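One file, input-v1.cif, carrying mmCIF, C-alpha atoms:
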data_model
#
loop_
_atom_site.label_atom_id
_atom_site.label_comp_id
_atom_site.auth_asym_id
_atom_site.auth_seq_id
_atom_site.Cartn_x
_atom_site.Cartn_y
_atom_site.Cartn_z
CA MET A 1 1.35 7.78 -2.74
CA TRP A 2 0.93 6.66 0.88
CA GLN A 3 0.56 9.81 2.99
CA ALA A 4 1.27 10.33 6.68
CA SER A 5 0.25 13.49 8.54
CA VAL A 6 1.50 13.90 12.10
CA PHE A 7 0.05 16.48 14.50
CA THR A 8 2.60 17.21 17.20
CA LEU A 9 4.04 19.86 19.49
CA TYR A 10 7.51 18.80 18.32
CA PRO A 11 7.55 18.69 14.50
CA ASP A 12 11.36 18.70 14.44
CA MET A 13 11.28 15.13 15.74
CA PHE A 14 10.17 14.05 12.25
CA PRO A 15 11.25 12.30 10.10
CA GLY A 16 13.94 11.47 12.66
CA PRO A 17 15.04 7.84 12.20
CA LEU A 18 12.50 7.45 9.42
CA GLY A 19 14.80 9.56 7.27
CA GLN A 20 17.38 6.76 7.35
CA SER A 21 17.66 3.22 5.96
CA MET A 22 14.78 1.74 3.97
CA SER A 23 12.15 4.24 5.07
CA GLY A 24 14.44 7.18 4.29
CA THR A 25 15.27 5.84 0.85
CA ALA A 26 11.56 5.26 0.19
CA LEU A 27 10.80 8.81 1.36
CA SER A 28 13.37 10.25 -1.05
CA LYS A 29 11.86 8.16 -3.86
CA ASN A 30 8.36 9.47 -3.09
CA LEU A 31 7.06 6.02 -2.21
CA TRP A 32 5.45 7.73 0.78
CA SER A 33 5.16 11.26 2.14
CA LEU A 34 5.33 12.75 5.61
CA GLU A 35 4.19 16.10 6.92
CA ALA A 36 4.59 17.16 10.54
CA ILE A 37 2.06 19.79 11.64
CA ASP A 38 2.81 21.95 14.67
CA ILE A 39 -0.23 21.99 16.97
CA ARG A 40 1.19 25.07 18.67
CA ASP A 41 0.48 27.13 15.56
CA HIS A 42 -3.10 27.20 16.87
CA GLY A 43 -2.15 27.88 20.47
CA LEU A 44 -3.89 30.68 22.35
CA GLY A 45 -2.54 34.09 23.31
CA ARG A 46 0.91 35.56 23.15
CA HIS A 47 2.49 32.36 24.46
CA ARG A 48 0.47 30.06 22.18
CA ALA A 49 -0.89 28.05 25.09
CA VAL A 50 -2.09 24.58 24.14
CA ASP A 51 -2.93 23.08 27.54
CA ASP A 52 -4.81 23.84 30.74
CA THR A 53 -5.42 22.38 34.19
CA PRO A 54 -7.61 19.25 34.48
CA ALA A 55 -11.29 19.81 35.19
CA GLY A 56 -12.00 18.36 38.63
CA GLY A 57 -8.43 18.89 39.79
CA GLY A 58 -5.41 16.65 39.69
CA PRO A 59 -1.77 16.80 38.62
CA GLY A 60 -0.39 17.89 35.28
CA MET A 61 -2.03 19.57 32.34
CA VAL A 62 -4.42 18.51 29.56
CA LEU A 63 -4.19 19.29 25.84
CA ARG A 64 -7.12 21.57 25.01
CA ALA A 65 -9.94 20.38 22.76
CA ASP A 66 -10.32 23.70 20.91
CA VAL A 67 -6.61 24.02 20.12
CA LEU A 68 -6.23 20.47 18.80
CA ALA A 69 -9.52 20.62 16.87
CA ASN A 70 -8.47 23.87 15.18
CA SER A 71 -5.16 22.31 14.22
CA LEU A 72 -6.84 19.23 12.73
CA ASP A 73 -9.52 21.25 10.94
CA SER A 74 -6.97 23.56 9.36
CA ARG A 75 -5.22 20.70 7.53
CA LEU A 76 -7.80 17.97 7.03
CA THR A 77 -10.97 17.71 4.99
CA PRO A 78 -14.08 15.88 6.23
CA ASP A 79 -13.79 13.34 3.41
CA ASP A 80 -10.15 12.41 4.13
CA PRO A 81 -10.29 8.57 4.09
CA ARG A 82 -7.24 8.03 6.29
CA PRO A 83 -7.73 6.71 9.84
CA ARG A 84 -7.28 9.30 12.58
CA LEU A 85 -5.10 7.72 15.23
CA LEU A 86 -4.24 9.17 18.65
CA LEU A 87 -1.13 7.64 20.21
CA SER A 88 -2.20 6.94 23.77
CA PRO A 89 -1.25 4.42 26.50
CA ARG A 90 -4.93 3.57 26.97
CA GLY A 91 -5.45 2.72 23.29
CA LYS A 92 -5.82 -0.70 21.75
CA PRO A 93 -2.48 -2.41 21.05
CA LEU A 94 -0.62 -1.84 17.80
CA THR A 95 -0.36 -5.19 16.01
CA GLN A 96 1.19 -6.42 12.81
CA ALA A 97 -2.31 -6.99 11.43
CA LEU A 98 -3.21 -3.34 12.02
CA ALA A 99 0.07 -2.16 10.48
CA ARG A 100 -0.63 -4.22 7.38
CA GLN A 101 -4.22 -2.95 7.23
CA TRP A 102 -3.07 0.68 7.34
CA ALA A 103 -0.20 0.03 4.92
CA ASP A 104 -2.76 -1.27 2.41
CA GLY A 105 -4.72 1.98 2.66
CA PRO A 106 -4.07 5.60 1.61
CA GLY A 107 -2.05 6.53 4.69
CA VAL A 108 -2.58 7.60 8.30
CA ILE A 109 -3.28 10.70 10.36
CA LEU A 110 -1.43 10.59 13.68
CA VAL A 111 -2.02 12.77 16.73
CA CYS A 112 0.76 12.79 19.32
CA GLY A 113 -0.57 13.19 22.84
CA ARG A 114 1.33 15.09 25.52
CA PHE A 115 0.94 16.07 29.18
CA GLU A 116 -1.60 14.07 31.24
CA GLY A 117 -3.72 13.46 28.17
CA VAL A 118 -6.04 14.97 25.58
CA ASP A 119 -9.46 16.50 26.31
CA GLU A 120 -11.96 13.68 25.79
CA ARG A 121 -14.29 15.92 23.79
CA VAL A 122 -11.89 16.30 20.86
CA ILE A 123 -11.28 12.54 20.85
CA GLU A 124 -15.01 12.06 20.41
CA GLY A 125 -15.65 15.13 18.26
CA ARG A 126 -12.96 14.33 15.70
CA ALA A 127 -13.34 10.54 15.80
CA LEU A 128 -9.82 9.81 17.01
CA GLU A 129 -8.98 6.12 17.49
CA GLU A 130 -6.58 5.54 20.36
CA ILE A 131 -3.60 3.26 19.69
CA SER A 132 -0.93 2.09 22.15
CA ILE A 133 2.48 0.59 21.35
CA GLY A 134 2.82 -1.06 24.76
CA ASP A 135 2.03 -1.12 28.46
CA TYR A 136 4.37 1.66 29.53
CA ILE A 137 4.36 5.46 29.63
CA LEU A 138 6.33 7.70 27.26
CA SER A 139 6.84 11.45 27.52
CA GLY A 140 4.63 11.92 24.48
CA GLY A 141 3.23 10.26 21.40
CA GLU A 142 6.05 11.14 19.02
CA ILE A 143 8.18 8.05 19.59
CA ALA A 144 5.06 5.91 19.37
CA ALA A 145 4.15 7.64 16.10
CA LEU A 146 7.61 6.89 14.68
CA THR A 147 7.17 3.25 15.68
CA LEU A 148 3.76 2.99 14.03
CA LEU A 149 5.00 4.66 10.86
CA ASP A 150 8.02 2.38 10.61
CA ALA A 151 5.80 -0.68 11.00
CA CYS A 152 3.61 0.53 8.12
CA VAL A 153 6.18 2.03 5.74
CA ARG A 154 8.33 -1.09 5.56
CA LEU A 155 5.29 -2.95 4.19
CA LEU A 156 4.68 -0.53 1.31
CA PRO A 157 5.40 -1.84 -2.20
CA GLY A 158 9.00 -1.23 -3.24
CA VAL A 159 10.33 -0.45 0.25
CA MET A 160 11.75 -3.87 1.10
CA GLY A 161 13.95 -5.73 -1.34
CA LYS A 162 11.90 -8.92 -1.40
CA GLN A 163 8.21 -9.30 -0.66
CA GLU A 164 9.00 -12.50 1.26
CA SER A 165 11.01 -10.44 3.74
CA GLY A 166 7.80 -8.94 5.05
CA GLU A 167 5.74 -12.09 4.98
CA ASP A 168 8.09 -14.43 6.87
CA GLU A 169 8.56 -12.52 10.12
CA SER A 170 7.43 -12.46 13.73
CA PHE A 171 3.69 -11.91 14.17
CA GLU A 172 2.84 -12.25 10.46
CA GLY A 173 1.56 -15.80 11.04
CA GLY A 174 0.65 -15.25 14.66
CA LEU A 175 3.96 -16.74 15.83
CA LEU A 176 7.38 -15.41 16.78
CA GLU A 177 10.06 -15.81 14.14
CA TYR A 178 12.40 -18.80 14.10
CA PRO A 179 16.17 -18.40 14.85
CA HIS A 180 18.47 -17.19 12.07
CA TYR A 181 22.04 -18.23 11.22
CA THR A 182 24.69 -17.25 8.67
CA ARG A 183 28.44 -17.62 8.10
CA PRO A 184 30.74 -18.66 9.66
CA ARG A 185 29.54 -22.25 9.86
CA GLY A 186 30.97 -22.54 13.37
CA TRP A 187 31.43 -19.74 15.88
CA GLU A 188 32.83 -20.08 19.40
CA GLY A 189 31.99 -23.78 19.39
CA ARG A 190 28.42 -23.15 18.26
CA PRO A 191 27.60 -24.71 14.88
CA ILE A 192 24.77 -23.90 12.53
CA PRO A 193 22.07 -26.58 12.95
CA GLU A 194 22.82 -29.29 10.39
CA ILE A 195 19.28 -29.36 9.05
CA LEU A 196 19.72 -25.80 7.71
CA LEU A 197 22.68 -27.02 5.64
CA SER A 198 20.91 -30.12 4.32
CA GLY A 199 19.30 -28.53 1.26
CA ASP A 200 16.02 -30.30 2.13
CA HIS A 201 13.58 -27.40 1.93
CA ALA A 202 10.63 -29.34 3.32
CA LYS A 203 12.57 -30.41 6.40
CA ILE A 204 13.95 -26.88 6.83
CA ALA A 205 10.43 -25.44 6.68
CA ALA A 206 9.21 -27.97 9.25
CA TRP A 207 12.16 -27.19 11.56
CA ARG A 208 11.52 -23.47 11.33
CA ARG A 209 7.84 -23.95 12.07
CA ALA A 210 8.63 -26.07 15.12
CA GLN A 211 11.15 -23.50 16.34
CA SER A 212 8.60 -20.69 15.92
CA GLU A 213 5.99 -22.60 17.87
CA ALA A 214 8.44 -23.45 20.66
CA LEU A 215 9.66 -19.86 20.99
CA THR A 216 6.12 -18.53 20.99
CA LYS A 217 5.04 -21.01 23.65
CA ALA A 218 8.00 -20.04 25.85
CA ARG A 219 7.96 -16.27 25.37
CA ARG A 220 4.50 -15.22 24.17
CA PRO A 221 1.92 -17.87 25.09
CA ASP A 222 -0.76 -15.19 24.72
CA LEU A 223 -0.24 -15.32 20.95
CA LEU A 224 -0.99 -19.04 20.93
CA ARG A 225 -4.17 -18.48 22.93
CA GLU A 226 -5.30 -15.89 20.39
CA ARG A 227 -4.78 -18.40 17.57
CA ASN A 228 -7.00 -21.02 19.24
#
Mind turning this structure into structure tokens?
Amino acid sequence: MWQASVFTLYPDMFPGPLGQSMSGTALSKNLWSLEAIDIRDHGLGRHRAVDDTPAGGGPGMVLRADVLANSLDSRLTPDDPRPRLLLSPRGKPLTQALARQWADGPGVILVCGRFEGVDERVIEGRALEEISIGDYILSGGEIAALTLLDACVRLLPGVMGKQESGEDESFEGGLLEYPHYTRPRGWEGRPIPEILLSGDHAKIAAWRRAQSEALTKARRPDLLRERN
């Protein structure tokens, strides 16, 4: 079974939307498992403090290395093969290729950052790999963790109805996905492109490829540069 462990200050945020739709059905069928571990269980003192002021001064607070390390060590073994991922705006970008790589493995360990950041020493000391879902700032890593998990879980065997559904999508081939149409044949004066009604599968495939390339060139030229 594919296993996800999430270390967070807000365990009640999980499974959240992952308890619905395909991922929720897969969770109920034990196609994957999810445990949310409360970092604050290892907080210090009567108030279970988990953060402190930044060394060197500055605004905000920093998640303490000792608290987070104790939380991780209490639930993980040194030989756990799953990648240890810290959701962080300074991490390398989450991509479809990474999601597929992790989905093909035993699962993931996710650490949800909070405050101004996490003490660098625990990132180094517990070999945390920083991952970002985009160039913007969230209040914490929980929403990013949900995004990463959704990207992985939908790729697990038995989660989607047809395997092709996961292989013929944006980013899978390094391109954005082509436009989709369905009934009615005409809507507000806008018809379905005739080629999609032709029954000529080779021409349909070529049209979809051309549409994908055109959309990618217009909206995400960086993806084309990466392909070259």
| request: Report the residues retrieved by the PyMOL selection byres ((chain A and resi 66) around 12) from the displayed file, expressed as a count of residues only. | output: 28
Select from region 20-40 of chain A every residue with an atom at most 7 Å from any atom of region 3-16 of chain A, then for each give the shortest pair of atoms and their distance in Å to one decimal, using all atoms listed in the file, rows by chain and rising number, as CSV.
residue,atom,partner,partner_atom,distance
A:Trp32,CA,A:Gln3,CA,5.8
A:Ser33,CA,A:Gln3,CA,4.9
A:Leu34,CA,A:Ala4,CA,4.8
A:Glu35,CA,A:Ser5,CA,5.0
A:Ala36,CA,A:Val6,CA,4.8
A:Ile37,CA,A:Phe7,CA,4.8
A:Asp38,CA,A:Thr8,CA,5.4
A:Ile39,CA,A:Leu9,CA,5.4
A:Arg40,CA,A:Leu9,CA,6.0
Applying 9 Å and all atoms listed in the file, which residues near Leu148 (chain A) remain after dropping the ones on its own chain fewer than 6 positions away? List them as a compact mmCIF listing (two decimals) with C-alpha atoms, in the coordinates of the input.
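Once everything was written out, this is result_2.txt:
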# COMPACT_ATOMS: atom_id res chain seq x y z
CA LEU A 94 -0.62 -1.84 17.80
CA ALA A 99 0.07 -2.16 10.48
CA ILE A 133 2.48 0.59 21.35
Report, in Å to a single decimal, how far apart CA of Met160 (chain A) and CA of His201 (chain A) are.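 Pair CA of His201 (chain A) / CA of Met160 (chain A) returns 23.6 Å.
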Separation of CA of Gln101 (chain A) from CA of Glu116 (chain A), in Å and rounded to one decimal: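 So the answer is 29.5 Å.
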Would you write out, as JSON lines, a table of all residues in region 124-209 of chain A that have an atom no more than 6 Å from an atom of region 104-113 of chain A, listing for each the closest atom pair and the distance in Å to one decimal, considering all atoms listed in the file and ordering rows by chain and rising residue number?
{"residue": "A:Gly140", "atom": "CA", "partner": "A:Gly113", "partner_atom": "CA", "distance": 5.6}
{"residue": "A:Gly141", "atom": "CA", "partner": "A:Cys112", "partner_atom": "CA", "distance": 4.1}
{"residue": "A:Glu142", "atom": "CA", "partner": "A:Cys112", "partner_atom": "CA", "distance": 5.5}
message: Quick one: residues within 8 Å of region 204-215 of chain A, all atoms listed in the file, excluding same-chain residues fewer than 4 positions away - as a PyMOL selection string?
response: chain A and resi 175-179+195-196+199-200+219-220
Nearest to Ser23 (chain A), restricted to only C-alpha atoms and choosing among A:Cys152, A:Leu128, A:Leu86, A:Met1, comes out as A:Cys152
What separates CA of Leu85 (chain A) and CA of Met22 (chain A) is a distance of 23.6 Å
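Residues matched by the PyMOL selection byres ((chain A and resi 96) around 10) in this file: A:Pro93, A:Leu94, A:Thr95, A:Ala97, A:Leu98, A:Ala99, A:Arg100, A:Gln101, A:Trp102, A:Leu148, A:Ala151, A:Cys152, A:Glu169, A:Ser170, A:Phe171, A:Glu172, A:Gly173, A:Gly174.
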>> Give me the residues near Ser21 (chain A) as a PyMOL selection string, where near means some atom within 12 Å (using all atoms listed in the file) and where sequence neighbours in that chain fewer than 6 positions away do not count.
In response: chain A and resi 15+27-28+150+153-154+159-160
Padding of 4 Å on every side, edges along x, y and z, all listed atoms of region 36-42 of chain A included: what centre and edge lengths in Å, to one decimal, does that box have, as AutoDock Vina command-line options?
--center_x 0.7 --center_y 22.2 --center_z 14.6 --size_x 15.7 --size_y 18.0 --size_z 16.1
Got a sec to resolve the PyMOL selection byres ((chain A and resi 90) around 10) on this structure and send the residues as a short mmCIF file (atom, residue, chain, number, x, y, z; two decimals) with C-alpha atoms, keeping the file's coordinate frame?
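Full text of expr32.cif as output:
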data_model
loop_
_atom_site.label_atom_id
_atom_site.label_comp_id
_atom_site.auth_asym_id
_atom_site.auth_seq_id
_atom_site.Cartn_x
_atom_site.Cartn_y
_atom_site.Cartn_z
CA LEU A 87 -1.13 7.64 20.21
CA SER A 88 -2.20 6.94 23.77
CA PRO A 89 -1.25 4.42 26.50
CA GLY A 91 -5.45 2.72 23.29
CA LYS A 92 -5.82 -0.70 21.75
CA PRO A 93 -2.48 -2.41 21.05
CA GLU A 130 -6.58 5.54 20.36
CA ILE A 131 -3.60 3.26 19.69
CA SER A 132 -0.93 2.09 22.15
CA ILE A 133 2.48 0.59 21.35
CA GLY A 134 2.82 -1.06 24.76
CA ASP A 135 2.03 -1.12 28.46
CA TYR A 136 4.37 1.66 29.53
CA ILE A 137 4.36 5.46 29.63
#
